[in-house]
Each structure stands twice: as structure tokens, then as C-alpha cells.
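Peer 1: Got a file for you: final_29.pdb, PDB, C-alpha atoms and all ligand atoms.
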```
MODEL        1
ATOM      1  CA  MET A  21      -6.463 -17.290  36.428
ATOM      2  CA  ILE A  22      -8.115 -14.071  37.516
ATOM      3  CA  ALA A  23     -10.599 -14.389  40.384
ATOM      4  CA  LEU A  24     -14.216 -14.232  39.293
ATOM      5  CA  VAL A  25     -14.969 -11.514  41.834
ATOM      6  CA  GLU A  26     -12.420  -9.272  40.053
ATOM      7  CA  LYS A  27     -14.320  -9.898  36.832
ATOM      8  CA  PHE A  28     -17.584  -8.796  38.448
ATOM      9  CA  CYS A  29     -15.804  -5.638  39.700
ATOM     10  CA  GLY A  30     -14.289  -5.143  36.242
ATOM     11  CA  THR A  31     -17.730  -5.348  34.622
ATOM     12  CA  LEU A  32     -19.384  -2.745  36.824
ATOM     13  CA  LEU A  33     -16.377  -0.417  37.057
ATOM     14  CA  GLY A  34     -15.763  -0.945  33.338
ATOM     15  CA  THR A  35     -19.233   0.473  32.724
ATOM     16  CA  HIS A  36     -18.496   3.541  34.861
ATOM     17  CA  THR A  37     -15.076   4.008  33.236
ATOM     18  CA  GLY A  38     -16.373   3.811  29.660
ATOM     19  CA  ASP A  39     -19.326   6.029  30.500
ATOM     20  CA  ALA A  40     -17.067   8.689  32.045
ATOM     21  CA  LEU A  41     -14.507   8.578  29.230
ATOM     22  CA  GLY A  42     -17.193   8.809  26.565
ATOM     23  CA  MET A  43     -19.520  11.373  28.108
ATOM     24  CA  PRO A  44     -17.639  14.545  27.076
ATOM     25  CA  LEU A  45     -17.705  13.412  23.428
ATOM     26  CA  GLU A  46     -21.394  12.486  23.272
ATOM     27  CA  GLY A  47     -22.806  13.374  19.862
ATOM     28  CA  ALA A  48     -19.422  14.105  18.271
ATOM     29  CA  SER A  49     -18.603  12.626  14.881
ATOM     30  CA  PRO A  50     -15.664  10.223  14.639
ATOM     31  CA  GLY A  51     -13.969  12.736  12.316
ATOM     32  CA  SER A  52     -14.201  15.598  14.787
ATOM     33  CA  ILE A  53     -12.925  13.424  17.648
ATOM     34  CA  GLN A  54     -10.004  12.374  15.463
ATOM     35  CA  LYS A  55      -9.282  15.962  14.467
ATOM     36  CA  ASN A  56      -9.544  17.473  17.954
ATOM     37  CA  TYR A  57      -8.118  14.709  20.127
ATOM     38  CA  GLY A  58      -6.592  12.011  17.971
ATOM     39  CA  GLN A  59      -7.491   9.294  20.459
ATOM     40  CA  VAL A  60      -9.215  10.013  23.755
ATOM     41  CA  ARG A  61      -6.971   8.392  26.371
ATOM     42  CA  GLU A  62      -7.496  10.719  29.299
ATOM     43  CA  MET A  63     -10.608  11.632  31.266
ATOM     44  CA  LEU A  64     -11.727  15.010  29.974
ATOM     45  CA  ASP A  65     -13.775  17.573  31.808
ATOM     46  CA  ALA A  66     -17.457  16.664  31.661
ATOM     47  CA  ARG A  67     -20.863  18.171  32.386
ATOM     48  CA  LEU A  68     -20.756  17.074  36.009
ATOM     49  CA  GLY A  69     -16.962  17.049  36.331
ATOM     50  CA  VAL A  70     -14.103  14.737  35.352
ATOM     51  CA  GLY A  71     -14.849  11.032  35.851
ATOM     52  CA  THR A  72     -18.575  11.447  36.445
ATOM     53  CA  TYR A  73     -21.068   8.998  35.066
ATOM     54  CA  THR A  74     -24.359   9.424  33.190
ATOM     55  CA  ASP A  75     -27.736   7.649  33.086
ATOM     56  CA  ASP A  76     -26.047   4.430  31.912
ATOM     57  CA  THR A  77     -24.159   3.864  35.148
ATOM     58  CA  GLU A  78     -26.903   5.333  37.320
ATOM     59  CA  MET A  79     -29.427   2.801  36.020
ATOM     60  CA  MET A  80     -26.866   0.003  36.270
ATOM     61  CA  ILE A  81     -26.459   0.898  39.952
ATOM     62  CA  ALA A  82     -30.238   0.724  40.446
ATOM     63  CA  LEU A  83     -30.362  -2.681  38.750
ATOM     64  CA  ALA A  84     -27.467  -4.065  40.813
ATOM     65  CA  GLU A  85     -28.975  -2.758  44.059
ATOM     66  CA  SER A  86     -32.323  -4.348  43.321
ATOM     67  CA  LEU A  87     -30.801  -7.673  42.196
ATOM     68  CA  VAL A  88     -28.866  -7.926  45.448
ATOM     69  CA  ARG A  89     -31.800  -6.817  47.605
ATOM     70  CA  CYS A  90     -34.328  -9.188  45.996
ATOM     71  CA  ARG A  91     -31.907 -11.988  45.066
ATOM     72  CA  GLY A  92     -32.974 -11.671  41.432
ATOM     73  CA  VAL A  93     -35.210  -9.435  39.348
ATOM     74  CA  ASN A  94     -38.308  -8.205  41.136
ATOM     75  CA  GLY A  95     -40.111  -5.881  38.716
ATOM     76  CA  ALA A  96     -41.847  -3.716  41.295
ATOM     77  CA  ASP A  97     -38.723  -3.239  43.417
ATOM     78  CA  LEU A  98     -36.590  -2.572  40.348
ATOM     79  CA  ALA A  99     -39.009   0.051  39.016
ATOM     80  CA  GLN A 100     -38.800   1.752  42.405
ATOM     81  CA  ALA A 101     -34.991   1.575  42.306
ATOM     82  CA  TYR A 102     -34.901   3.203  38.852
ATOM     83  CA  LEU A 103     -37.117   5.984  40.216
ATOM     84  CA  GLU A 104     -35.171   6.497  43.437
ATOM     85  CA  ASN A 105     -31.841   6.724  41.640
ATOM     86  CA  PHE A 106     -33.117   9.018  38.882
ATOM     87  CA  ASN A 107     -31.143  12.245  38.636
ATOM     88  CA  PRO A 108     -32.184  14.264  35.549
ATOM     89  CA  LEU A 109     -28.728  15.856  35.412
ATOM     90  CA  ARG A 110     -27.292  12.481  34.392
ATOM     91  CA  GLY A 111     -28.819  12.871  30.919
ATOM     92  CA  TYR A 112     -31.592  10.332  30.456
ATOM     93  CA  GLY A 113     -32.988   9.453  27.031
ATOM     94  CA  ALA A 114     -36.515  10.513  26.075
ATOM     95  CA  GLY A 115     -38.022   7.007  26.188
ATOM     96  CA  THR A 116     -36.670   6.238  29.630
ATOM     97  CA  ARG A 117     -37.806   9.602  30.991
ATOM     98  CA  LYS A 118     -41.296   8.942  29.696
ATOM     99  CA  ALA A 119     -41.397   5.470  31.247
ATOM    100  CA  LEU A 120     -40.185   6.820  34.590
ATOM    101  CA  GLU A 121     -42.869   9.530  34.520
ATOM    102  CA  LEU A 122     -45.508   6.887  33.916
ATOM    103  CA  LEU A 123     -44.173   4.801  36.809
ATOM    104  CA  ARG A 124     -44.182   7.840  39.053
ATOM    105  CA  SER A 125     -47.809   8.551  38.144
ATOM    106  CA  GLY A 126     -48.777   5.071  39.299
ATOM    107  CA  VAL A 127     -48.655   3.001  36.085
ATOM    108  CA  SER A 128     -47.488  -0.543  36.896
ATOM    109  CA  TRP A 129     -43.995  -1.741  36.017
ATOM    110  CA  GLU A 130     -45.414  -4.254  33.525
ATOM    111  CA  GLU A 131     -47.286  -1.511  31.688
ATOM    112  CA  ALA A 132     -45.056   1.567  31.732
ATOM    113  CA  GLY A 133     -42.556   0.462  29.076
ATOM    114  CA  LYS A 134     -45.340  -0.535  26.685
ATOM    115  CA  ARG A 135     -46.828   2.935  26.733
ATOM    116  CA  VAL A 136     -43.611   4.577  25.531
ATOM    117  CA  PHE A 137     -43.822   5.317  21.803
ATOM    118  CA  GLU A 138     -45.891   3.122  19.500
ATOM    119  CA  GLN A 139     -44.503  -0.306  20.422
ATOM    120  CA  GLY A 140     -42.131   0.592  23.216
ATOM    121  CA  SER A 141     -38.663   2.094  22.965
ATOM    122  CA  TYR A 142     -35.865   0.440  21.017
ATOM    123  CA  GLY A 143     -33.290   2.859  22.296
ATOM    124  CA  ASN A 144     -30.287   1.428  24.130
ATOM    125  CA  GLY A 145     -31.543   2.263  27.638
ATOM    126  CA  ALA A 146     -32.149  -1.356  28.622
ATOM    127  CA  SER A 147     -28.814  -2.528  27.160
ATOM    128  CA  MET A 148     -26.625   0.112  28.761
ATOM    129  CA  ARG A 149     -27.586  -0.900  32.322
ATOM    130  CA  ILE A 150     -27.715  -4.688  31.874
ATOM    131  CA  ALA A 151     -24.143  -5.576  32.972
ATOM    132  CA  PRO A 152     -25.078  -6.866  36.484
ATOM    133  CA  VAL A 153     -27.548  -9.345  34.931
ATOM    134  CA  GLY A 154     -24.788 -10.560  32.610
ATOM    135  CA  CYS A 155     -22.573 -11.246  35.634
ATOM    136  CA  LEU A 156     -25.122 -12.822  37.949
ATOM    137  CA  TYR A 157     -26.544 -15.195  35.347
ATOM    138  CA  SER A 158     -23.373 -15.782  33.383
ATOM    139  CA  ARG A 159     -23.714 -19.540  33.886
ATOM    140  CA  ASP A 160     -27.405 -19.900  33.120
ATOM    141  CA  LEU A 161     -28.689 -18.696  29.763
ATOM    142  CA  GLU A 162     -32.363 -19.368  30.533
ATOM    143  CA  LYS A 163     -32.245 -17.371  33.764
ATOM    144  CA  LEU A 164     -30.303 -14.659  31.963
ATOM    145  CA  LYS A 165     -33.005 -14.376  29.301
ATOM    146  CA  GLU A 166     -35.755 -14.119  31.894
ATOM    147  CA  ALA A 167     -33.865 -11.488  33.910
ATOM    148  CA  VAL A 168     -33.150  -9.454  30.772
ATOM    149  CA  HIS A 169     -36.830  -9.504  29.878
ATOM    150  CA  LEU A 170     -38.073  -8.465  33.313
ATOM    151  CA  SER A 171     -35.487  -5.727  33.801
ATOM    152  CA  SER A 172     -35.899  -4.305  30.276
ATOM    153  CA  VAL A 173     -39.652  -4.276  29.847
ATOM    154  CA  ILE A 174     -40.081  -1.646  32.575
ATOM    155  CA  THR A 175     -38.741   1.025  30.221
ATOM    156  CA  HIS A 176     -37.956  -0.682  26.884
ATOM    157  CA  ALA A 177     -40.743  -2.995  25.768
ATOM    158  CA  HIS A 178     -39.974  -2.968  22.048
ATOM    159  CA  PRO A 179     -38.618  -6.374  20.920
ATOM    160  CA  TRP A 180     -35.414  -4.730  19.631
ATOM    161  CA  GLY A 181     -34.961  -2.811  22.863
ATOM    162  CA  GLU A 182     -35.042  -6.107  24.715
ATOM    163  CA  GLU A 183     -33.075  -8.139  22.190
ATOM    164  CA  GLY A 184     -30.257  -5.591  22.302
ATOM    165  CA  ALA A 185     -30.170  -5.941  26.072
ATOM    166  CA  LEU A 186     -30.060  -9.724  25.723
ATOM    167  CA  LEU A 187     -27.178  -9.511  23.269
ATOM    168  CA  GLN A 188     -25.235  -7.168  25.541
ATOM    169  CA  ALA A 189     -25.977  -9.251  28.652
ATOM    170  CA  TYR A 190     -24.876 -12.433  26.922
ATOM    171  CA  ALA A 191     -21.696 -10.785  25.633
ATOM    172  CA  VAL A 192     -20.904  -9.807  29.237
ATOM    173  CA  ALA A 193     -21.709 -13.342  30.401
ATOM    174  CA  LEU A 194     -19.427 -14.940  27.802
ATOM    175  CA  ALA A 195     -16.636 -12.506  28.709
ATOM    176  CA  VAL A 196     -17.019 -13.115  32.448
ATOM    177  CA  GLN A 197     -16.833 -16.882  31.986
ATOM    178  CA  ALA A 198     -13.909 -16.776  29.509
ATOM    179  CA  ASP A 199     -10.254 -17.204  30.454
ATOM    180  CA  PRO A 200      -8.504 -13.877  29.788
ATOM    181  CA  TRP A 201      -5.159 -15.614  29.278
ATOM    182  CA  GLN A 202      -6.532 -17.343  26.193
ATOM    183  CA  GLU A 203      -7.223 -15.434  23.036
ATOM    184  CA  ILE A 204     -10.944 -14.922  22.404
ATOM    185  CA  ASP A 205     -12.284 -17.277  19.738
ATOM    186  CA  VAL A 206     -14.112 -14.655  17.686
ATOM    187  CA  ASP A 207     -16.075 -17.088  15.510
ATOM    188  CA  HIS A 208     -17.292 -18.980  18.546
ATOM    189  CA  PHE A 209     -18.163 -15.758  20.378
ATOM    190  CA  LEU A 210     -20.211 -14.449  17.445
ATOM    191  CA  ALA A 211     -21.914 -17.820  16.877
ATOM    192  CA  SER A 212     -22.901 -17.930  20.553
ATOM    193  CA  LEU A 213     -24.390 -14.450  20.324
ATOM    194  CA  GLU A 214     -26.247 -15.372  17.156
ATOM    195  CA  SER A 215     -27.793 -18.387  18.874
ATOM    196  CA  VAL A 216     -29.906 -16.162  21.165
ATOM    197  CA  LEU A 217     -31.387 -14.039  18.373
ATOM    198  CA  ASP A 218     -34.866 -14.308  16.901
ATOM    199  CA  GLU A 219     -35.255 -15.585  13.358
ATOM    200  CA  GLY A 220     -35.868 -12.216  11.718
ATOM    201  CA  SER A 221     -33.652 -10.254  14.085
ATOM    202  CA  PRO A 222     -32.051  -7.054  12.740
ATOM    203  CA  PHE A 223     -28.963  -7.923  14.812
ATOM    204  CA  ARG A 224     -28.144 -10.876  12.543
ATOM    205  CA  GLU A 225     -26.793  -8.741   9.736
ATOM    206  CA  LYS A 226     -24.765  -6.730  12.260
ATOM    207  CA  LEU A 227     -23.068  -9.901  13.498
ATOM    208  CA  GLN A 228     -22.362 -10.839   9.887
ATOM    209  CA  ALA A 229     -20.887  -7.388   9.274
ATOM    210  CA  MET A 230     -18.633  -7.883  12.295
ATOM    211  CA  GLN A 231     -17.468 -11.200  10.922
ATOM    212  CA  ARG A 232     -16.520  -9.465   7.661
ATOM    213  CA  LEU A 233     -14.842  -6.492   9.335
ATOM    214  CA  LEU A 234     -12.869  -8.209  12.089
ATOM    215  CA  PRO A 235     -10.142  -9.952  10.084
ATOM    216  CA  GLY A 236      -9.198  -6.756   8.200
ATOM    217  CA  GLU A 237      -8.114  -3.302   9.246
ATOM    218  CA  PRO A 238     -11.266  -1.296   8.509
ATOM    219  CA  GLY A 239     -11.197   2.456   9.048
ATOM    220  CA  ILE A 240     -13.505   4.026  11.610
ATOM    221  CA  GLU A 241     -15.743   5.446   8.867
ATOM    222  CA  GLU A 242     -16.312   2.009   7.379
ATOM    223  CA  VAL A 243     -17.128   0.517  10.772
ATOM    224  CA  VAL A 244     -19.600   3.299  11.552
ATOM    225  CA  LEU A 245     -21.174   2.937   8.120
ATOM    226  CA  GLU A 246     -21.704  -0.795   8.646
ATOM    227  CA  LEU A 247     -22.614  -0.919  12.330
ATOM    228  CA  GLY A 248     -23.775   2.605  13.178
ATOM    229  CA  ASN A 249     -23.095   4.606  16.345
ATOM    230  CA  ASP A 250     -26.394   6.180  17.378
ATOM    231  CA  SER A 251     -28.537   5.491  20.432
ATOM    232  CA  ARG A 252     -30.654   2.704  18.956
ATOM    233  CA  THR A 253     -29.883  -0.795  20.238
ATOM    234  CA  VAL A 254     -29.429  -2.142  16.718
ATOM    235  CA  THR A 255     -26.426   0.116  16.183
ATOM    236  CA  SER A 256     -24.886   0.828  19.584
ATOM    237  CA  VAL A 257     -24.863  -2.710  20.968
ATOM    238  CA  PRO A 258     -23.066  -4.108  17.890
ATOM    239  CA  ALA A 259     -20.675  -1.123  18.006
ATOM    240  CA  ALA A 260     -19.798  -1.971  21.619
ATOM    241  CA  ILE A 261     -19.352  -5.687  20.968
ATOM    242  CA  PHE A 262     -17.205  -4.921  17.936
ATOM    243  CA  SER A 263     -15.032  -2.533  19.962
ATOM    244  CA  PHE A 264     -14.319  -5.383  22.355
ATOM    245  CA  LEU A 265     -13.686  -8.075  19.744
ATOM    246  CA  LYS A 266     -11.411  -5.800  17.712
ATOM    247  CA  ASN A 267      -9.320  -4.972  20.803
ATOM    248  CA  ALA A 268      -9.976  -7.979  23.015
ATOM    249  CA  ALA A 269      -6.445  -8.195  24.351
ATOM    250  CA  ASP A 270      -6.604  -4.857  26.138
ATOM    251  CA  PHE A 271      -9.205  -3.041  28.243
ATOM    252  CA  GLU A 272      -7.832   0.417  27.512
ATOM    253  CA  GLU A 273      -7.735  -0.120  23.742
ATOM    254  CA  THR A 274     -11.319  -1.431  23.760
ATOM    255  CA  VAL A 275     -12.712   1.635  25.502
ATOM    256  CA  VAL A 276     -10.592   4.152  23.570
ATOM    257  CA  TYR A 277     -11.727   2.528  20.329
ATOM    258  CA  ALA A 278     -15.388   2.666  21.415
ATOM    259  CA  VAL A 279     -15.171   6.396  22.165
ATOM    260  CA  GLY A 280     -13.471   6.934  18.802
ATOM    261  CA  LEU A 281     -16.569   5.627  17.004
ATOM    262  CA  GLY A 282     -18.331   8.847  17.998
ATOM    263  CA  GLY A 283     -22.104   9.238  18.275
ATOM    264  CA  ASP A 284     -23.523   7.805  21.498
ATOM    265  CA  THR A 285     -20.012   7.624  22.938
ATOM    266  CA  ASP A 286     -20.862   7.303  26.630
ATOM    267  CA  THR A 287     -23.177   4.348  26.092
ATOM    268  CA  ILE A 288     -21.071   2.553  23.469
ATOM    269  CA  ALA A 289     -17.985   2.907  25.666
ATOM    270  CA  ALA A 290     -19.923   1.935  28.818
ATOM    271  CA  MET A 291     -21.120  -1.286  27.157
ATOM    272  CA  ALA A 292     -17.714  -2.027  25.615
ATOM    273  CA  GLY A 293     -16.154  -1.335  29.034
ATOM    274  CA  ALA A 294     -18.554  -3.786  30.692
ATOM    275  CA  ILE A 295     -17.580  -6.594  28.296
ATOM    276  CA  ALA A 296     -13.839  -5.867  28.436
ATOM    277  CA  GLY A 297     -13.961  -5.398  32.218
ATOM    278  CA  GLY A 298     -15.768  -8.716  32.541
ATOM    279  CA  PHE A 299     -13.151 -10.432  30.411
ATOM    280  CA  HIS A 300      -9.992  -8.942  31.953
ATOM    281  CA  GLY A 301     -11.167  -8.044  35.455
ATOM    282  CA  LYS A 302     -10.672  -4.870  37.455
ATOM    283  CA  PRO A 303      -6.839  -5.016  37.489
ATOM    284  CA  ALA A 304      -6.849  -4.332  33.729
ATOM    285  CA  ILE A 305      -8.567  -0.955  34.135
ATOM    286  CA  PRO A 306      -5.814   1.689  34.030
ATOM    287  CA  GLU A 307      -5.083   3.108  37.472
ATOM    288  CA  ARG A 308      -4.985   6.661  36.083
ATOM    289  CA  TRP A 309      -8.618   6.251  35.047
ATOM    290  CA  LEU A 310      -9.801   4.519  38.219
ATOM    291  CA  THR A 311      -8.405   7.296  40.394
ATOM    292  CA  ARG A 312     -10.383   9.905  38.456
ATOM    293  CA  LEU A 313     -13.765   8.196  38.720
ATOM    294  CA  GLU A 314     -16.306  10.055  40.812
ATOM    295  CA  ARG A 315     -16.495   9.098  44.483
ATOM    296  CA  GLY A 316     -19.277  10.284  46.765
ATOM    297  CA  ALA A 317     -22.228   8.291  48.074
ATOM    298  CA  LYS A 318     -22.776   6.255  44.902
ATOM    299  CA  GLY A 319     -19.403   6.669  43.251
ATOM    300  CA  ALA A 320     -16.806   4.118  42.174
ATOM    301  CA  ASP A 321     -16.221   2.668  45.668
ATOM    302  CA  TYR A 322     -19.920   2.030  46.079
ATOM    303  CA  ILE A 323     -20.078   0.445  42.617
ATOM    304  CA  GLU A 324     -17.251  -1.902  43.546
ATOM    305  CA  ARG A 325     -19.058  -2.841  46.760
ATOM    306  CA  LEU A 326     -22.173  -3.654  44.744
ATOM    307  CA  ALA A 327     -20.112  -5.853  42.428
ATOM    308  CA  ARG A 328     -18.790  -7.776  45.445
ATOM    309  CA  GLU A 329     -22.311  -8.223  46.838
ATOM    310  CA  LEU A 330     -23.449  -9.433  43.443
ATOM    311  CA  TYR A 331     -20.588 -11.935  43.487
ATOM    312  CA  ASP A 332     -21.635 -13.166  46.956
ATOM    313  CA  LEU A 333     -25.121 -13.762  45.582
ATOM    314  CA  TYR A 334     -23.631 -15.599  42.587
ATOM    315  CA  THR A 335     -21.698 -17.925  44.922
ATOM    316  CA  ASP A 336     -24.946 -18.611  46.817
ATOM    317  CA  PHE A 337     -26.615 -19.546  43.532
ATOM    318  CA  TYR A 338     -23.695 -21.576  42.209
ATOM    319  CA  PRO A 339     -21.717 -22.797  45.244
ATOM    320  CA  HIS A 340     -19.564 -25.151  43.194
ATOM    321  CA  ALA A 341     -18.725 -22.692  40.444
TER     322      ALA A 341
HETATM  323 MG    MG B 401     -25.585   8.257  29.020
ENDMDL
END
```
Show the structure stored in the file as C-alpha cells.
Ligand SMILES: [Mg+2]
Peer 2:
Amino acid sequence: MIALVEKFCGTLLGTHTGDALGMPLEGASPGSIQKNYGQVREMLDARLGVGTYTDDTEMMIALAESLVRCRGVNGADLAQAYLENFNPLRGYGAGTRKALELLRSGVSWEEAGKRVFEQGSYGNGASMRIAPVGCLYSRDLEKLKEAVHLSSVITHAHPWGEEGALLQAYAVALAVQADPWQEIDVDHFLASLESVLDEGSPFREKLQAMQRLLPGEPGIEEVVLELGNDSRTVTSVPAAIFSFLKNAADFEETVVYAVGLGGDTDTIAAMAGAIAGGFHGKPAIPERWLTRLERGAKGADYIERLARELYDLYTDFYPHA
């Protein structure tokens, strides 16, 4: 059995790893990735250098810091953490930038996300950062739901923005609590995910599409046609979950597959990396990738430290786990 603390480390470092592997291909079509690289198995040079992360990991760091500091989600503290960690060079989405501007101008954390677009953003900004919530509340679905809501609404108040984050958080939770030496029961995994969705949820048909696609050998084009690969939650979260379920036996294959889907590659691979890292644990992340991850004040070593602090908090919450 792999120690749970290694799974927490795998989740957070899996996010960084997927984010860094995917970032240089952001916006590329699956066909052009295939043509130019075949499969992307090595860290390529990126905007901010090889192994650097984007907004996905930066916001995940803010969320983990605030969870540890406040022993759970505290909206006001978390909003402040998002603001303090914000580095525009990391490539934030339009909705999140708008919400952060509103927060900076004094709008409350409960309000900011609601004033973005008509009904709030349904981009994947709340999903991409949610991994620490998936770890911390992996044994308590009700607490997980509440934490997803409070951490998402600050920037992504649209019901789909939040539901995508819930789906991603729960996928991480299921992976963290699963035994990596046993094959994943795909039907059970998908049924569990479905159980948290609203009645008319647009994610339902995506889960059904996954069920159809998984037993066969669908080409990338077919998968992208069915699930999508853009920055909306309704496409990118299913794409990430599918990448994991299709390649559940191997962390590297999961993340390489996710990047190969093209589109919002950094976020899809970051989310797929979080689930696979939570399932397999840190030792499954290839050493040649780990050594290339950015260091510095809030680099990979810091992220691992946060994961360990999050685990300490988890053991306080669930001493007999
Ligand atoms: Mg990004």
C-alpha cells in the first residue's frame, strides 16, 4: 500500500507536472501536436522556462496555503491568497482576472464571482485549482461539496463552473482513497461521479460518452469531438477524467494522453495529473520530469511541503483514517 501522504504529494505535484508539460502546447490542435511531436514526453521550453507552471498551479498553491492556514475554507482569507499569489505572467483566464480585479477594488469575496459575465464564469478556473480540496475532504463528501462551493464562488459563480470543480474534486478524492494496486473499477468510478451531479447537468452526457468510449480504442479526434478540449468546465473536466480512466495504470501515460488532446493542454493535463498523482502517489511521477519542475520560493519543493501540511491537517481531522 502506498502511504496516503505520498498520494497528497502526488496530487499537488501531479498538478504542477501536468501544467508544465502542457503549457507549451496551449491552444494547439491534437493534429498539430501529433504532427510536430508525436507524443509529448519531455518538458519543452515554455513561456517562463522549462518546467514552469501557469495560473492553474499558482491558484492551487493559494488554495492549499489558505486551507492549511485556516484549517478549512475561509472565503475572505482565500480571496486574499488568490490576490497575493496573482502573477499576470502565469496566464490567467479573462473571468478570473475580472474577479480578482473586483476583489482588489473592494468587492466582497461572496460577490466578486457573481459579477463576472452574466451569471458568473463557467470556465475551468475553479476546477483547475481544486486538487487540495479533493485531498483534504476525500473521506467526507458533504464537507467536500461545501469546500468546493466556497472556494469556487469567489471567481466562478456559474453553476457549471462550480459543478465542474465538484466533479474534479470528487475524482481526486476517489483516486486518493483508492488502492493503486487494484485496477480502477471504471463503472463504479463513473457512477460515483454521476451521483454528485444535478438533475439537468450538462456533465451527465459527458459521463455517458466516456462510458461508450472507454471500452474501445477511439482515436483522439473522436474523443475530442465527444468530450471537447477547450477551457470550459463542461469539456475540460471530462477530458481530464477521461485521460485518467483511459490510462489509469500509469501516471506518465495519463498526462501524455491529456496533452495530446490539444486545446487547453495545461489545464487538462494539470487536472489529469492531479487525479493520476492522487491515485498512484508521488513515486509514480517520472524522475526526469520532477527534476525539471521549477524551484524557487514557490516551486516544486514548496508545493510538496504544502501537500505534507495538508496531510497533517487531514490526520487531525481524521485521526483514525
Ligand atoms: Mg493555465
Peer 1: Quick one: residues within 12 Å of Pro235 (chain A), all atoms listed in the file counted, chain neighbours fewer than 3 positions away excluded, as a list in words?
Peer 2: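 In the requested format, the answer is Val206, Asp207, Ala229, Met230, Gln231, Arg232, Pro238, Phe262, Leu265, Lys266 and Asn267 of chain A.
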Peer 1: Just want the residues within 8 Å of ligand MG 401 (chain B), written as a PyMOL selection string, counting all atoms listed in the file.
Peer 2: chain A and resi 39+43+73-77+110-113+284+286-287
Peer 1: Residues picked by the PyMOL selection byres (((chain A and resi 150) around 8) and not hetatm) here, as a ChimeraX atom specification?
Peer 2: /A:80,83,146-149,151-154,168,185,188-189
Peer 1: Is there a way to get, as a PyMOL selection string, all residues within 10 Å of the point (-14.6, 0.9, 19.5) in file coordinates, counting all atoms listed in the file?
Peer 2: chain A and resi 240+243-244+249+258-267+273-282+285+288-289+292-293
Peer 1: Evaluated on this file, the PyMOL selection byres (((chain A and resi 191) around 9) and not hetatm) picks out some residues - which ones are they, written as a list of chain:residue names?
Peer 2: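 Taken on the displayed file, the PyMOL selection byres (((chain A and resi 191) around 9) and not hetatm) yields the residues A:Gly154, A:Leu186, A:Leu187, A:Gln188, A:Ala189, A:Tyr190, A:Val192, A:Ala193, A:Leu194, A:Ala195, A:Val196, A:Phe209, A:Ser212, A:Leu213, A:Ile261, A:Ile295.
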Peer 1: Please indicate the distance in Å from CA of Gly181 (chain A) to CA of Lys134 (chain A), rounded to one decimal place.
Peer 2: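 The value is 11.3 Å.
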Peer 1: Just so the selection is clear, what residues does the PyMOL selection byres (((chain A and resi 27) around 8) and not hetatm) cover here, as an mmCIF file with C-alpha atoms, in the coordinates of the input?
Peer 2:
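Written output follows (out-v8.cif):
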```cif
data_model
loop_
_atom_site.group_PDB
_atom_site.id
_atom_site.type_symbol
_atom_site.label_atom_id
_atom_site.label_comp_id
_atom_site.auth_asym_id
_atom_site.auth_seq_id
_atom_site.Cartn_x
_atom_site.Cartn_y
_atom_site.Cartn_z
ATOM 1 C CA ILE A 22 -8.115 -14.071 37.516
ATOM 2 C CA ALA A 23 -10.599 -14.389 40.384
ATOM 3 C CA LEU A 24 -14.216 -14.232 39.293
ATOM 4 C CA VAL A 25 -14.969 -11.514 41.834
ATOM 5 C CA GLU A 26 -12.420 -9.272 40.053
ATOM 6 C CA PHE A 28 -17.584 -8.796 38.448
ATOM 7 C CA CYS A 29 -15.804 -5.638 39.700
ATOM 8 C CA GLY A 30 -14.289 -5.143 36.242
ATOM 9 C CA THR A 31 -17.730 -5.348 34.622
ATOM 10 C CA VAL A 196 -17.019 -13.115 32.448
ATOM 11 C CA GLY A 297 -13.961 -5.398 32.218
ATOM 12 C CA GLY A 298 -15.768 -8.716 32.541
ATOM 13 C CA PHE A 299 -13.151 -10.432 30.411
ATOM 14 C CA HIS A 300 -9.992 -8.942 31.953
ATOM 15 C CA GLY A 301 -11.167 -8.044 35.455
ATOM 16 C CA LYS A 302 -10.672 -4.870 37.455
#
```
Peer 1: Pro179 (chain A): which residues within 12 Å, counting all atoms listed in the file, same-chain residues fewer than 5 positions away excluded, as a ChimeraX atom specification?
Peer 2: /A:133-134,139-144,146,168-169,172-173,184-186,217-218,220-223,253-254
